[in-house]
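Q: Let me give you the structure first, and then I'll get to my questions.
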Amino acid sequence: MQFDRISIDPNICHGQACVKGTRMPVHQIVRMLANGDTIEVLLSEYPFLSREDIMGSLDYAADLAEEQVTPIQVANL
């Protein structure tokens with residue numbers, strides 16, 4: 001996987017995927033969006049982020065979700 005906006009460095013945020021040039025972990029961006037924050041809110045609260053950084057984070061997360069197949073138990077009805 002090649003992502004222009006994402007970096008992984010063992011010396012930054014314990015090796016978690018971050019927006020390149022920052023200490024903003026991808027998982028934090030995805031979680032804030034999942035909890036209802038909008039891209040506009042993130043851009044105003046974190047002025048060092050760009051729209052491209054946020055979209056790159058979502059693209060990275062989507063690639064990770066596609067790579068790993070984890071069965072989900074279905075409750076017996």
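Just remember, in the structure tokens the first chain shown is A, the second B, etc., residues are 1-based per chain, and ligands are 1-based in the order shown.
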I need the residues in chain A that are strand (DSSP E or B) according to DSSP; give them as a count of residues only.
A: 5
Q: Please provide the set of residues having any atom within 12 Å of Asp53 (chain A), restricted to only C-alpha atoms, with same-chain residues fewer than 5 positions apart removed, written as a list of chain:residue names.
A: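 Neighbouring residues, sequence-local ones excluded: A:Phe3, A:Asp4, A:Arg5, A:Ile6, A:Ser7, A:Cys18, A:Val19, A:Lys20, A:Gly21, A:Thr22, A:Met24, A:Pro25, A:Val26, A:Ile29, A:Val30, A:Ile39, A:Leu42, A:Leu43, A:Tyr46, A:Pro47, A:Phe48, A:Leu58, A:Asp59, A:Tyr60.
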Q: Write to file, as a PDB file, in the first residue's frame, the residues of the selection just made, with C-alpha atoms.
A:
ATOM      1  CA  PHE A   3      -0.378   6.460   0.717  1.00  0.00           C
ATOM      2  CA  ASP A   4       0.966   9.960   0.087  1.00  0.00           C
ATOM      3  CA  ARG A   5      -0.643  11.506   3.176  1.00  0.00           C
ATOM      4  CA  ILE A   6      -0.022   8.748   5.723  1.00  0.00           C
ATOM      5  CA  SER A   7       3.202   7.845   7.504  1.00  0.00           C
ATOM      6  CA  CYS A  18      -0.507   9.224  11.286  1.00  0.00           C
ATOM      7  CA  VAL A  19      -1.124  12.051   8.873  1.00  0.00           C
ATOM      8  CA  LYS A  20       2.289  12.730   7.374  1.00  0.00           C
ATOM      9  CA  GLY A  21       4.142  15.564   9.106  1.00  0.00           C
ATOM     10  CA  THR A  22       1.862  15.485  12.158  1.00  0.00           C
ATOM     11  CA  MET A  24      -2.467  13.017  14.344  1.00  0.00           C
ATOM     12  CA  PRO A  25      -3.296   9.298  14.237  1.00  0.00           C
ATOM     13  CA  VAL A  26      -5.518   8.057  11.435  1.00  0.00           C
ATOM     14  CA  ILE A  29      -9.701  11.086  12.536  1.00  0.00           C
ATOM     15  CA  VAL A  30     -11.831   8.083  11.587  1.00  0.00           C
ATOM     16  CA  ILE A  39     -14.917  17.320   7.884  1.00  0.00           C
ATOM     17  CA  LEU A  42     -12.162  18.741  11.963  1.00  0.00           C
ATOM     18  CA  LEU A  43     -10.648  21.350   9.659  1.00  0.00           C
ATOM     19  CA  TYR A  46      -7.220  21.032  13.649  1.00  0.00           C
ATOM     20  CA  PRO A  47      -6.009  23.770  11.273  1.00  0.00           C
ATOM     21  CA  PHE A  48      -2.874  21.793  10.418  1.00  0.00           C
ATOM     22  CA  LEU A  58     -10.376   7.418   5.253  1.00  0.00           C
ATOM     23  CA  ASP A  59      -8.801   5.799   2.199  1.00  0.00           C
ATOM     24  CA  TYR A  60      -6.118   4.206   4.385  1.00  0.00           C
TER      25      TYR A  60
END
